[in-house]
file input_32.cif (mmCIF, C-alpha atoms; chains and numbers go by the auth columns)
data_start
loop_
_atom_site.group_PDB
_atom_site.id
_atom_site.type_symbol
_atom_site.label_atom_id
_atom_site.label_comp_id
_atom_site.label_asym_id
_atom_site.label_seq_id
_atom_site.Cartn_x
_atom_site.Cartn_y
_atom_site.Cartn_z
_atom_site.B_iso_or_equiv
_atom_site.auth_seq_id
_atom_site.auth_asym_id
ATOM 1 C CA MET A 1 -6.916 -26.235 10.375 0.00 189 A
ATOM 2 C CA SER A 2 -6.303 -25.477 6.701 0.00 190 A
ATOM 3 C CA ARG A 3 -3.251 -23.541 5.487 0.00 191 A
ATOM 4 C CA ALA A 4 -5.522 -20.787 4.174 0.00 192 A
ATOM 5 C CA LEU A 5 -7.151 -20.372 7.578 0.00 193 A
ATOM 6 C CA ARG A 6 -3.759 -20.327 9.324 0.00 194 A
ATOM 7 C CA ARG A 7 -2.531 -17.613 6.910 0.00 195 A
ATOM 8 C CA ARG A 8 -5.696 -15.585 7.492 0.00 196 A
ATOM 9 C CA LEU A 9 -5.329 -15.812 11.261 0.00 197 A
ATOM 10 C CA GLN A 10 -1.652 -14.850 11.076 0.00 198 A
ATOM 11 C CA SER A 11 -2.450 -11.766 8.991 0.00 199 A
ATOM 12 C CA LEU A 12 -5.157 -10.699 11.446 0.00 200 A
ATOM 13 C CA VAL A 13 -2.796 -11.151 14.389 0.00 201 A
ATOM 14 C CA GLY A 14 -0.130 -9.091 12.607 0.00 202 A
ATOM 15 C CA ALA A 15 -2.568 -6.256 11.896 0.00 203 A
ATOM 16 C CA SER A 16 -3.851 -6.351 15.450 0.00 204 A
ATOM 17 C CA GLU A 17 -0.351 -6.244 16.955 0.00 205 A
ATOM 18 C CA LYS A 18 0.633 -3.287 14.777 0.00 206 A
ATOM 19 C CA GLY A 19 -2.590 -1.476 15.664 0.00 207 A
ATOM 20 C CA THR A 20 -2.633 0.279 12.315 0.00 208 A
ATOM 21 C CA THR A 21 -5.346 -1.348 10.244 0.00 209 A
ATOM 22 C CA VAL A 22 -7.717 -4.212 10.687 0.00 210 A
ATOM 23 C CA VAL A 23 -9.939 -6.079 8.311 0.00 211 A
ATOM 24 C CA ASP A 24 -13.587 -5.306 8.971 0.00 212 A
ATOM 25 C CA PRO A 25 -14.752 -8.488 10.778 0.00 213 A
ATOM 26 C CA SER A 26 -18.242 -8.183 9.324 0.00 214 A
ATOM 27 C CA LEU A 27 -16.823 -8.327 5.806 0.00 215 A
ATOM 28 C CA VAL A 28 -17.074 -11.623 3.945 0.00 216 A
ATOM 29 C CA LEU A 29 -16.056 -11.759 0.304 0.00 217 A
ATOM 30 C CA LYS A 30 -18.264 -14.240 -1.481 0.00 218 A
ATOM 31 C CA ALA A 31 -17.244 -15.969 -4.692 0.00 219 A
ATOM 32 C CA GLY A 32 -18.485 -13.903 -7.607 0.00 220 A
ATOM 33 C CA THR A 33 -17.932 -10.547 -5.876 0.00 221 A
ATOM 34 C CA THR A 34 -16.216 -7.922 -8.021 0.00 222 A
ATOM 35 C CA LEU A 35 -13.820 -5.392 -6.512 0.00 223 A
ATOM 36 C CA VAL A 36 -13.056 -2.228 -8.467 0.00 224 A
ATOM 37 C CA ARG A 37 -10.202 0.187 -7.789 0.00 225 A
ATOM 38 C CA GLN A 38 -9.034 3.235 -9.730 0.00 226 A
ATOM 39 C CA TRP A 39 -5.253 3.640 -9.731 0.00 227 A
ATOM 40 C CA ARG A 40 -3.399 6.314 -11.672 0.00 228 A
ATOM 41 C CA GLY A 41 -6.076 6.711 -14.297 0.00 229 A
ATOM 42 C CA HIS A 42 -6.778 3.012 -14.787 0.00 230 A
ATOM 43 C CA THR A 43 -9.694 0.983 -13.483 0.00 231 A
ATOM 44 C CA HIS A 44 -8.700 -2.389 -12.035 0.00 232 A
ATOM 45 C CA THR A 45 -11.307 -5.100 -11.547 0.00 233 A
ATOM 46 C CA VAL A 46 -10.819 -8.184 -9.385 0.00 234 A
ATOM 47 C CA LEU A 47 -13.163 -11.158 -9.363 0.00 235 A
ATOM 48 C CA VAL A 48 -13.370 -13.120 -6.099 0.00 236 A
ATOM 49 C CA HIS A 49 -13.221 -16.911 -6.422 0.00 237 A
ATOM 50 C CA GLN A 50 -13.616 -19.473 -3.643 0.00 238 A
ATOM 51 C CA ASP A 51 -9.910 -20.262 -3.779 0.00 239 A
ATOM 52 C CA GLY A 52 -8.431 -16.877 -4.671 0.00 240 A
ATOM 53 C CA PHE A 53 -8.801 -13.884 -6.952 0.00 241 A
ATOM 54 C CA GLU A 54 -8.639 -13.076 -10.651 0.00 242 A
ATOM 55 C CA HIS A 55 -7.194 -9.899 -12.150 0.00 243 A
ATOM 56 C CA GLU A 56 -6.680 -9.368 -15.881 0.00 244 A
ATOM 57 C CA GLY A 57 -7.122 -13.077 -16.590 0.00 245 A
ATOM 58 C CA GLN A 58 -4.485 -14.127 -14.026 0.00 246 A
ATOM 59 C CA ARG A 59 -5.295 -16.036 -10.808 0.00 247 A
ATOM 60 C CA TYR A 60 -3.806 -14.923 -7.488 0.00 248 A
ATOM 61 C CA ARG A 61 -3.912 -16.357 -3.988 0.00 249 A
ATOM 62 C CA SER A 62 -4.149 -12.949 -2.309 0.00 250 A
ATOM 63 C CA LEU A 63 -5.303 -9.396 -2.832 0.00 251 A
ATOM 64 C CA THR A 64 -1.882 -8.246 -1.663 0.00 252 A
ATOM 65 C CA ALA A 65 -0.223 -9.897 -4.657 0.00 253 A
ATOM 66 C CA ILE A 66 -2.622 -8.054 -6.955 0.00 254 A
ATOM 67 C CA ALA A 67 -2.097 -4.711 -5.189 0.00 255 A
ATOM 68 C CA GLU A 68 1.665 -5.149 -5.480 0.00 256 A
ATOM 69 C CA ARG A 69 1.368 -5.976 -9.173 0.00 257 A
ATOM 70 C CA ILE A 70 -0.747 -2.881 -9.818 0.00 258 A
ATOM 71 C CA THR A 71 1.322 -0.419 -7.768 0.00 259 A
ATOM 72 C CA GLU A 72 4.773 -2.037 -8.161 0.00 260 A
ATOM 73 C CA VAL A 73 5.369 -1.509 -4.415 0.00 261 A
ATOM 74 C CA HIS A 74 4.286 -3.383 -1.295 0.00 262 A
ATOM 75 C CA TRP A 75 0.666 -2.689 -0.378 0.00 263 A
ATOM 76 C CA SER A 76 -1.780 -4.464 1.877 0.00 264 A
ATOM 77 C CA GLY A 77 -4.295 -5.904 -0.579 0.00 265 A
ATOM 78 C CA PRO A 78 -7.347 -5.456 1.664 0.00 266 A
ATOM 79 C CA ARG A 79 -6.286 -1.878 2.394 0.00 267 A
ATOM 80 C CA PHE A 80 -5.624 -1.088 -1.280 0.00 268 A
ATOM 81 C CA PHE A 81 -9.110 -2.289 -2.201 0.00 269 A
ATOM 82 C CA GLY A 82 -10.750 -0.406 0.692 0.00 270 A
ATOM 83 C CA LEU A 83 -11.613 -3.440 2.812 0.00 271 A
ATOM 84 C CA THR A 84 -9.991 -2.241 6.051 0.00 272 A
ATOM 85 C CA LYS A 85 -10.708 0.348 8.642 0.00 273 A
ATOM 86 C CA ARG A 86 -8.192 2.234 10.714 0.00 274 A
ATOM 87 C CA ALA A 87 -7.906 0.726 14.198 0.00 275 A
ATOM 88 C CA ARG A 88 -8.590 4.105 15.806 0.00 276 A
ATOM 89 C CA ALA A 89 -11.782 4.535 13.775 0.00 277 A
ATOM 90 C CA LEU A 90 -12.980 1.122 14.909 0.00 278 A
ATOM 91 C CA ALA A 91 -12.138 1.905 18.546 0.00 279 A
ATOM 92 C CA GLY A 92 -14.029 5.192 18.312 0.00 280 A
ATOM 93 C CA ALA A 93 -17.067 3.493 16.795 0.00 281 A
ATOM 94 C CA LYS A 94 -17.098 0.880 19.570 0.00 282 A
ATOM 95 C CA ALA A 95 -16.774 3.535 22.271 0.00 283 A
ATOM 96 C CA GLY A 96 -19.765 5.404 20.859 0.00 284 A
ATOM 97 C CA ARG A 97 -22.068 2.393 21.123 0.00 285 A
#

call {"tool": "encode", "arguments": {"input": "input_32.cif", "output": "structure tokens"}}
result
Amino acid sequence: MSRALRRRLQSLVGASEKGTTVVDPSLVLKAGTTLVRQWRGHTHTVLVHQDGFEHEGQRYRSLTAIAERITEVHWSGPRFFGLTKRARALAGAKAGR
């Protein structure tokens, strides 16, 4: 198992144990995808690469590192860029099926 896959699995386990937010399992970020987020009057654009992300010409290994750079505080990168759903919302959606 690759280090990247181990990190991904560990982050999913952590989110699941906390029960606060989870990454949408149907979401797959393909290389070339652009994420856009407005923050305090500025538009931030992130380009997805196969081995990481690019923001303002800098390469990053995670969205969390980018979110922390933008906000100057700890943020979950997937949550900051709107890629997560609240665990309760997911549970409610599953119950309604």

call {"tool": "axis_aligned_box", "arguments": {"input": "input_32.cif", "around": "range 247-261 of chain A", "padding_each_side": "5 Å", "output": "JSON"}}
result
{"center_x": 0.0, "center_y": -8.4, "center_z": -6.2, "size_x": 20.7, "size_y": 25.9, "size_z": 19.1}

call {"tool": "atom_distance", "arguments": {"input": "input_32.cif", "atom1": "CA of Arg247 in chain A", "atom2": "CA of Leu197 in chain A"}}
result
22.1 Å

call {"tool": "closest_residue", "arguments": {"input": "input_32.cif", "among": "A:Thr252, A:Phe241, A:Gln198, A:Thr259", "to": "Arg228 in chain A", "atoms": "only C-alpha atoms"}}
result
A:Thr259

call {"tool": "closest_residue", "arguments": {"input": "input_32.cif", "among": "A:Arg257, A:Ser264, A:Gly240, A:Gly270", "to": "Ser199 in chain A", "atoms": "all atoms listed in the file"}}
result
A:Ser264

call {"tool": "residues_around", "arguments": {"input": "input_32.cif", "residues": "range 249-251 of chain A", "least_positions_apart": "5", "cutoff": "12 Å", "atoms": "only C-alpha atoms", "output": "VMD selection string"}}
result
chain A and resid 191 to 192 195 to 196 199 217 223 to 225 233 to 243 256 to 258 262 to 271

call {"tool": "atom_distance", "arguments": {"input": "input_32.cif", "atom1": "CA of Thr231 in chain A", "atom2": "CA of Glu244 in chain A"}}
result
11.0 Å

call {"tool": "atom_distance", "arguments": {"input": "input_32.cif", "atom1": "CA of Arg194 in chain A", "atom2": "CA of Gly245 in chain A"}}
result
27.1 Å
